[in-house]
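Engineer: Input structure: my_file_22.cif, which contains mmCIF, C-alpha atoms.
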```cif
data_protein
#
loop_
_atom_site.group_PDB
_atom_site.id
_atom_site.type_symbol
_atom_site.label_atom_id
_atom_site.label_comp_id
_atom_site.auth_asym_id
_atom_site.auth_seq_id
_atom_site.Cartn_x
_atom_site.Cartn_y
_atom_site.Cartn_z
ATOM 1 C CA MET A 1 64.117 92.510 161.636
ATOM 2 C CA LYS A 2 61.606 89.679 161.312
ATOM 3 C CA ASP A 3 60.696 90.906 157.792
ATOM 4 C CA LYS A 4 64.352 91.004 156.708
ATOM 5 C CA LEU A 5 64.976 87.546 158.175
ATOM 6 C CA SER A 6 62.034 86.056 156.239
ATOM 7 C CA VAL A 7 63.378 87.614 153.004
ATOM 8 C CA ILE A 8 66.882 86.225 153.683
ATOM 9 C CA VAL A 9 65.496 82.734 154.465
ATOM 10 C CA GLY A 10 63.324 82.868 151.306
ATOM 11 C CA ALA A 11 66.284 83.926 149.148
ATOM 12 C CA GLY A 12 68.387 81.113 150.677
ATOM 13 C CA ILE A 13 65.731 78.488 149.892
ATOM 14 C CA ALA A 14 65.405 79.838 146.317
ATOM 15 C CA ALA A 15 69.201 79.646 145.847
ATOM 16 C CA LEU A 16 69.231 76.082 147.235
ATOM 17 C CA ILE A 17 66.487 75.015 144.793
ATOM 18 C CA ILE A 18 68.433 76.535 141.860
ATOM 19 C CA ILE A 19 71.556 74.603 142.924
ATOM 20 C CA LEU A 20 69.566 71.341 143.234
ATOM 21 C CA VAL A 21 68.014 71.838 139.767
ATOM 22 C CA ALA A 22 71.472 72.545 138.307
ATOM 23 C CA LEU A 23 72.862 69.362 139.933
ATOM 24 C CA TYR A 24 69.864 67.392 138.593
ATOM 25 C CA LEU A 25 70.474 68.786 135.092
ATOM 26 C CA PHE A 26 74.179 67.858 135.155
ATOM 27 C CA GLY A 27 73.412 64.380 136.495
ATOM 28 C CA SER A 28 70.716 63.512 133.934
ATOM 29 C CA GLY A 29 71.272 62.102 130.483
ATOM 30 C CA ASN A 30 68.088 61.884 128.411
ATOM 31 C CA PHE A 31 65.028 63.944 129.333
ATOM 32 C CA ASP A 32 61.422 62.726 129.146
ATOM 33 C CA LEU A 33 58.207 64.583 130.121
ATOM 34 C CA SER A 34 58.607 63.813 133.850
ATOM 35 C CA ASP A 35 62.193 65.148 133.847
ATOM 36 C CA ILE A 36 61.117 68.335 132.066
ATOM 37 C CA LEU A 37 58.301 68.847 134.601
ATOM 38 C CA MET A 38 60.773 68.165 137.439
ATOM 39 C CA ILE A 39 62.852 71.077 136.113
ATOM 40 C CA ILE A 40 59.993 73.447 135.235
ATOM 41 C CA ILE A 41 58.211 73.128 138.629
ATOM 42 C CA PRO A 42 61.131 74.306 140.818
ATOM 43 C CA ILE A 43 62.070 77.009 138.310
ATOM 44 C CA MET A 44 58.500 78.341 138.354
ATOM 45 C CA LEU A 45 58.388 78.233 142.156
ATOM 46 C CA VAL A 46 61.734 80.045 142.379
ATOM 47 C CA VAL A 47 60.666 82.720 139.857
ATOM 48 C CA GLY A 48 57.398 83.253 141.772
ATOM 49 C CA ALA A 49 59.225 83.367 145.121
ATOM 50 C CA ILE A 50 61.794 85.863 143.768
ATOM 51 C CA THR A 51 58.957 88.100 142.498
ATOM 52 C CA LEU A 52 57.282 88.044 145.927
ATOM 53 C CA LEU A 53 60.608 88.616 147.729
ATOM 54 C CA TRP A 54 61.390 91.536 145.398
ATOM 55 C CA ASP A 55 58.030 93.104 146.267
ATOM 56 C CA ARG A 56 58.693 92.622 149.994
ATOM 57 C CA MET A 57 62.199 94.100 149.746
ATOM 58 C CA LYS A 58 60.816 97.131 147.893
ATOM 59 C CA ASN A 59 58.462 97.819 150.823
ATOM 60 C CA ILE A 60 61.108 97.178 153.492
ATOM 61 C CA ARG A 61 63.510 99.606 151.761
ATOM 62 C CA ALA A 62 60.753 102.245 151.707
ATOM 63 C CA GLY A 63 60.340 101.778 155.474
ATOM 64 C CA LEU A 64 56.973 100.050 155.066
ATOM 65 C CA PRO A 65 55.981 96.596 156.360
ATOM 66 C CA SER A 66 56.527 93.683 153.949
ATOM 67 C CA ALA A 67 53.004 92.415 154.644
ATOM 68 C CA ASP A 68 49.944 94.017 156.205
ATOM 69 C CA GLU A 69 46.388 92.872 156.954
ATOM 70 C CA ARG A 70 45.291 93.225 153.297
ATOM 71 C CA ALA A 71 48.337 91.370 151.916
ATOM 72 C CA LYS A 72 47.909 88.540 154.454
ATOM 73 C CA LYS A 73 44.179 88.260 153.748
ATOM 74 C CA LEU A 74 44.734 88.122 149.976
ATOM 75 C CA HIS A 75 47.560 85.613 150.448
ATOM 76 C CA TRP A 76 45.174 83.200 152.199
ATOM 77 C CA LYS A 77 42.363 83.944 149.733
ATOM 78 C CA ALA A 78 44.693 83.074 146.825
ATOM 79 C CA GLY A 79 45.644 79.858 148.656
ATOM 80 C CA ALA A 80 41.983 78.881 149.093
ATOM 81 C CA TYR A 81 41.184 79.529 145.411
ATOM 82 C CA ALA A 82 44.312 77.599 144.342
ATOM 83 C CA TYR A 83 43.165 74.698 146.542
ATOM 84 C CA TYR A 84 39.780 74.566 144.773
ATOM 85 C CA ALA A 85 41.547 74.848 141.402
ATOM 86 C CA THR A 86 43.857 71.963 142.379
ATOM 87 C CA ILE A 87 40.871 69.703 143.086
ATOM 88 C CA TRP A 88 39.495 70.444 139.600
ATOM 89 C CA ILE A 89 42.939 69.939 138.046
ATOM 90 C CA ALA A 90 43.159 66.519 139.752
ATOM 91 C CA ILE A 91 39.699 65.623 138.408
ATOM 92 C CA GLY A 92 40.805 66.942 134.984
ATOM 93 C CA THR A 93 43.816 64.606 134.862
ATOM 94 C CA LEU A 94 41.494 61.682 135.725
ATOM 95 C CA TRP A 95 39.102 62.686 132.913
ATOM 96 C CA TYR A 96 42.059 63.102 130.551
ATOM 97 C CA ASN A 97 43.162 59.512 131.164
ATOM 98 C CA ILE A 98 39.587 58.167 130.829
ATOM 99 C CA ILE A 99 38.383 60.230 127.857
ATOM 100 C CA PHE A 100 41.495 61.107 125.839
ATOM 101 C CA ALA A 101 43.957 58.325 126.689
ATOM 102 C CA ASP A 102 41.608 55.319 126.959
ATOM 103 C CA ASN A 103 39.165 56.241 124.162
ATOM 104 C CA LEU A 104 40.927 58.586 121.749
ATOM 105 C CA GLY A 105 44.446 57.138 121.762
ATOM 106 C CA PHE A 106 46.290 60.071 123.393
ATOM 107 C CA PRO A 107 49.333 59.135 125.547
ATOM 108 C CA ALA A 108 48.239 58.210 129.094
ATOM 109 C CA LEU A 109 49.706 60.041 132.093
ATOM 110 C CA ASP A 110 51.443 57.784 134.623
ATOM 111 C CA ALA A 111 51.259 58.443 138.392
ATOM 112 C CA GLY A 112 54.445 60.548 138.437
ATOM 113 C CA GLN A 113 53.278 62.701 135.548
ATOM 114 C CA VAL A 114 49.860 63.205 137.190
ATOM 115 C CA VAL A 115 51.485 64.333 140.453
ATOM 116 C CA ALA A 116 53.926 66.622 138.595
ATOM 117 C CA THR A 117 51.090 68.133 136.518
ATOM 118 C CA ILE A 118 48.954 68.778 139.611
ATOM 119 C CA VAL A 119 51.868 70.371 141.512
ATOM 120 C CA LEU A 120 52.879 72.512 138.519
ATOM 121 C CA LEU A 121 49.367 73.739 137.714
ATOM 122 C CA SER A 122 48.433 74.351 141.365
ATOM 123 C CA ALA A 123 51.616 76.446 141.796
ATOM 124 C CA ILE A 124 50.741 78.413 138.651
ATOM 125 C CA CYS A 125 47.184 78.910 139.983
ATOM 126 C CA TRP A 126 48.443 80.117 143.370
ATOM 127 C CA PHE A 127 50.782 82.699 141.831
ATOM 128 C CA ALA A 128 48.127 83.767 139.292
ATOM 129 C CA PHE A 129 45.469 84.257 142.015
ATOM 130 C CA GLN A 130 47.997 86.055 144.198
ATOM 131 C CA PHE A 131 48.893 88.532 141.443
ATOM 132 C CA TYR A 132 45.249 88.954 140.445
ATOM 133 C CA PHE A 133 43.933 89.588 143.969
ATOM 134 C CA ILE A 134 46.770 91.947 144.946
ATOM 135 C CA ARG A 135 45.577 94.261 142.172
ATOM 136 C CA GLN A 136 41.973 94.125 143.370
ATOM 137 C CA GLY A 137 40.537 96.087 146.249
ATOM 138 C CA ASP A 138 38.702 93.259 148.004
ATOM 139 C CA THR A 139 35.516 94.857 149.314
ATOM 140 C CA GLU A 140 32.819 92.587 150.665
ATOM 141 C CA MET B 1 31.620 103.389 150.617
ATOM 142 C CA ARG B 2 33.399 106.735 150.175
ATOM 143 C CA THR B 3 36.189 108.132 152.300
ATOM 144 C CA ARG B 4 37.578 111.563 153.138
ATOM 145 C CA ILE B 5 41.150 110.272 153.341
ATOM 146 C CA LYS B 6 42.375 112.149 150.255
ATOM 147 C CA GLU B 7 40.876 115.423 151.466
ATOM 148 C CA LEU B 8 42.361 115.058 154.972
ATOM 149 C CA ARG B 9 45.739 113.923 153.604
ATOM 150 C CA ALA B 10 45.865 117.107 151.548
ATOM 151 C CA ARG B 11 44.911 119.161 154.597
ATOM 152 C CA TYR B 12 47.804 117.760 156.638
ATOM 153 C CA ASP B 13 50.157 117.589 153.615
ATOM 154 C CA LEU B 14 50.612 113.830 153.848
ATOM 155 C CA THR B 15 51.389 111.490 150.942
ATOM 156 C CA GLN B 16 49.922 107.991 150.787
ATOM 157 C CA GLU B 17 53.355 106.667 151.745
ATOM 158 C CA ASP B 18 53.593 108.990 154.778
ATOM 159 C CA LEU B 19 50.180 107.828 155.982
ATOM 160 C CA ALA B 20 51.090 104.189 155.292
ATOM 161 C CA LYS B 21 54.242 104.558 157.419
ATOM 162 C CA GLN B 22 52.268 106.169 160.247
ATOM 163 C CA VAL B 23 49.693 103.384 160.420
ATOM 164 C CA GLY B 24 52.101 100.538 159.521
ATOM 165 C CA VAL B 25 50.626 99.238 156.271
ATOM 166 C CA ARG B 26 51.707 99.071 152.633
ATOM 167 C CA ARG B 27 51.063 102.082 150.375
ATOM 168 C CA GLU B 28 48.645 100.124 148.136
ATOM 169 C CA THR B 29 46.448 99.399 151.164
ATOM 170 C CA ILE B 30 46.022 103.152 151.753
ATOM 171 C CA LEU B 31 45.332 103.597 148.027
ATOM 172 C CA PHE B 32 42.552 100.972 148.033
ATOM 173 C CA ILE B 33 41.012 102.260 151.293
ATOM 174 C CA GLU B 34 41.075 105.797 149.877
ATOM 175 C CA LYS B 35 39.284 104.663 146.715
ATOM 176 C CA GLY B 36 36.715 102.789 148.812
ATOM 177 C CA LYS B 37 37.815 99.498 147.266
ATOM 178 C CA TYR B 38 39.050 97.865 150.456
ATOM 179 C CA ASN B 39 37.216 97.534 153.766
ATOM 180 C CA PRO B 40 39.868 97.895 156.484
ATOM 181 C CA SER B 41 39.632 96.168 159.852
ATOM 182 C CA LEU B 42 38.197 98.230 162.699
ATOM 183 C CA LYS B 43 41.700 98.526 164.178
ATOM 184 C CA LEU B 44 43.185 99.855 160.922
ATOM 185 C CA ALA B 45 40.237 102.212 160.383
ATOM 186 C CA HIS B 46 40.855 103.561 163.905
ATOM 187 C CA GLU B 47 44.595 103.979 163.208
ATOM 188 C CA VAL B 48 43.924 105.848 159.940
ATOM 189 C CA ALA B 49 41.317 108.074 161.608
ATOM 190 C CA LYS B 50 43.741 108.825 164.454
ATOM 191 C CA ALA B 51 46.562 109.663 162.025
ATOM 192 C CA LEU B 52 44.236 112.069 160.197
ATOM 193 C CA ARG B 53 43.018 113.573 163.504
ATOM 194 C CA THR B 54 39.403 112.636 162.951
ATOM 195 C CA THR B 55 36.915 109.885 163.831
ATOM 196 C CA ILE B 56 35.949 106.730 161.930
ATOM 197 C CA ASP B 57 32.422 108.138 161.490
ATOM 198 C CA ASP B 58 33.757 111.273 159.884
ATOM 199 C CA LEU B 59 36.296 109.446 157.697
ATOM 200 C CA PHE B 60 34.167 106.720 156.137
ATOM 201 C CA LEU B 61 30.922 107.726 154.448
ATOM 202 C CA PHE B 62 28.274 105.151 153.580
ATOM 203 C CA ASP B 63 25.529 105.743 150.998
ATOM 204 C CA ASP B 64 22.537 104.331 152.881
#
```
Show me, as structure tokens, the structure contained in the file I just sent.
Structural biologist:
Amino acid sequence: MKDKLSVIVGAGIAALIIILVALYLFGSGNFDLSDILMIIIPIMLVVGAITLLWDRMKNIRAGLPSADERAKKLHWKAGAYAYYATIWIAIGTLWYNIIFADNLGFPALDAGQVVATIVLLSAICWFAFQFYFIRQGDTE
Amino acid sequence: MRTRIKELRARYDLTQEDLAKQVGVRRETILFIEKGKYNPSLKLAHEVAKALRTTIDDLFLFDD
């Protein structure tokens, strides 16, 4: 019951995000980089969440638990790796502004774009680590 | 680490999914334990051994 409830809540949040993105799209006129990132980030999060929910539903339908000790362990491991990756991504955006924008004439990232880039890339990292680790055995 | 899970599953005519249902884990977890690619917790190792009517010592073989 708890498993099914978590899937229903997850699907509800995903649907809500899709509706908010649609409203944002209808309300906006011209799009710049920040607007595009504002659309891509929720879409990526929703796609990732739907993939995870689909996997959970598949197990629930087969009469198996949606998550077990291995899945939970790998979930947290992916989170830890994504956290380290996020720190390097944040440092990377700083280097980009110093090396490429200040010295080589590339367009500089403003605060909003830096935050959006970090959120987008850290979400990508989390999903990528999650999918990578779930296919590994994890022996220590 | 090697395991005798596959051999004992065959003896009791259990699929990976049947065993997974009995011990309350996902099928892939049984697959990785069986291949020796995942070290289960002591509790899960005990559950698997119990489901296969054996002991942890007899189920998991270590190359010392």
Engineer: Under the rule that only C-alpha atoms are counted, which of A:Leu5, A:Ile36, A:Gly48, A:Ile118 is the nearest residue to A:Thr86?
Structural biologist: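 Closest to A:Thr86 of all the choices is A:Ile118.
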Engineer: Can you tell me, as a ChimeraX atom specification, what residues are no more than 8 Å from B:Ala49 when counting all atoms listed in the file, ignoring any on the same chain fewer than 6 positions away?
Structural biologist: /B:55-56,59
Engineer: Go through the shown structure with the PyMOL selection byres ((chain B and resi 33-42) around 9) and write out the matching residues as a ChimeraX atom specification.
Structural biologist: /A:69-70,136-140 /B:1-6,28-32,43-47,56,60
Engineer: Can you write out as CSV which residues of chain A fall within 12 Å of chain B, alongside each residue's closest atom pair and its distance in Å to one decimal, counting only C-alpha atoms and ordering rows by chain and ascending residue number?
Structural biologist:
```
residue,atom,partner,partner_atom,distance
A:Asp55,CA,B:Arg26,CA,10.8
A:Arg56,CA,B:Arg26,CA,9.9
A:Met57,CA,B:Arg26,CA,12.0
A:Lys58,CA,B:Arg26,CA,10.5
A:Asn59,CA,B:Arg26,CA,7.1
A:Ile60,CA,B:Arg26,CA,9.6
A:Arg61,CA,B:Arg26,CA,11.8
A:Ala62,CA,B:Glu17,CA,8.6
A:Gly63,CA,B:Lys21,CA,7.0
A:Leu64,CA,B:Lys21,CA,5.8
A:Pro65,CA,B:Val25,CA,6.0
A:Ser66,CA,B:Arg26,CA,7.3
A:Ala67,CA,B:Arg26,CA,7.1
A:Asp68,CA,B:Val25,CA,5.3
A:Glu69,CA,B:Val25,CA,7.7
A:Arg70,CA,B:Thr29,CA,6.6
A:Ala71,CA,B:Thr29,CA,8.3
A:Lys72,CA,B:Val25,CA,11.2
A:Lys73,CA,B:Pro40,CA,10.9
A:Leu74,CA,B:Tyr38,CA,11.3
A:Phe133,CA,B:Tyr38,CA,11.6
A:Ile134,CA,B:Glu28,CA,9.0
A:Arg135,CA,B:Glu28,CA,8.9
A:Gln136,CA,B:Lys37,CA,7.8
A:Gly137,CA,B:Lys37,CA,4.5
A:Asp138,CA,B:Tyr38,CA,5.2
A:Thr139,CA,B:Tyr38,CA,4.8
A:Glu140,CA,B:Asn39,CA,7.3
```
Engineer: When you look at stretch 16-25 of chain A with a cut-off of 8 Å (counting only C-alpha atoms), what residues show up, excluding the ones that are within fewer than 4 positions of it in the same chain? I need them as a PDB file with C-alpha atoms, in the frame of the given file.
Structural biologist:
```
ATOM      1  CA  GLY A  12      68.387  81.113 150.677  1.00  0.00           C
ATOM      2  CA  ILE A  39      62.852  71.077 136.113  1.00  0.00           C
ATOM      3  CA  PRO A  42      61.131  74.306 140.818  1.00  0.00           C
ATOM      4  CA  ILE A  43      62.070  77.009 138.310  1.00  0.00           C
ATOM      5  CA  VAL A  46      61.734  80.045 142.379  1.00  0.00           C
TER       6      VAL A  46
END
```
Engineer: Could you check how far atom CA of A:Ile124 sits from atom CA of A:Ile50, in Å to one decimal?
Structural biologist: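 Separation of atom CA of A:Ile124 and atom CA of A:Ile50: 14.3 Å.
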Engineer: Find the distance between atom CA of A:Met44 and atom CA of A:Phe127 and write it in Å to one decimal.
Structural biologist: 9.5 Å
Engineer: Starting from 8 Å padding per side, set up an axis-aligned box that covers all listed atoms of stretch 45-51 of chain B and hand over centre and edge lengths in Å, one decimal, as lines of an AutoDock Vina configuration file.
Structural biologist:
```
center_x = 43.4
center_y = 105.9
center_z = 162.2
size_x = 22.3
size_y = 23.5
size_z = 20.5
```
Engineer: Between atom CA of A:Ala116 and atom CA of A:Trp95, what distance in Å does the model show, to one decimal?
Structural biologist: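 The value is 16.4 Å.
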Engineer: Show which residues sit within 10 Å of stretch 82-84 of chain A, as a list in words. Count all atoms listed in the file, and ignore same-chain residues fewer than 5 positions away.
Structural biologist: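 With the cut-off at 10 Å, the set is Trp76, Lys77, Ile89, Leu121, Ser122, Ala123, Ile124, Cys125, Trp126, Phe127, Ala128, Phe129 and Gln130 of chain A.
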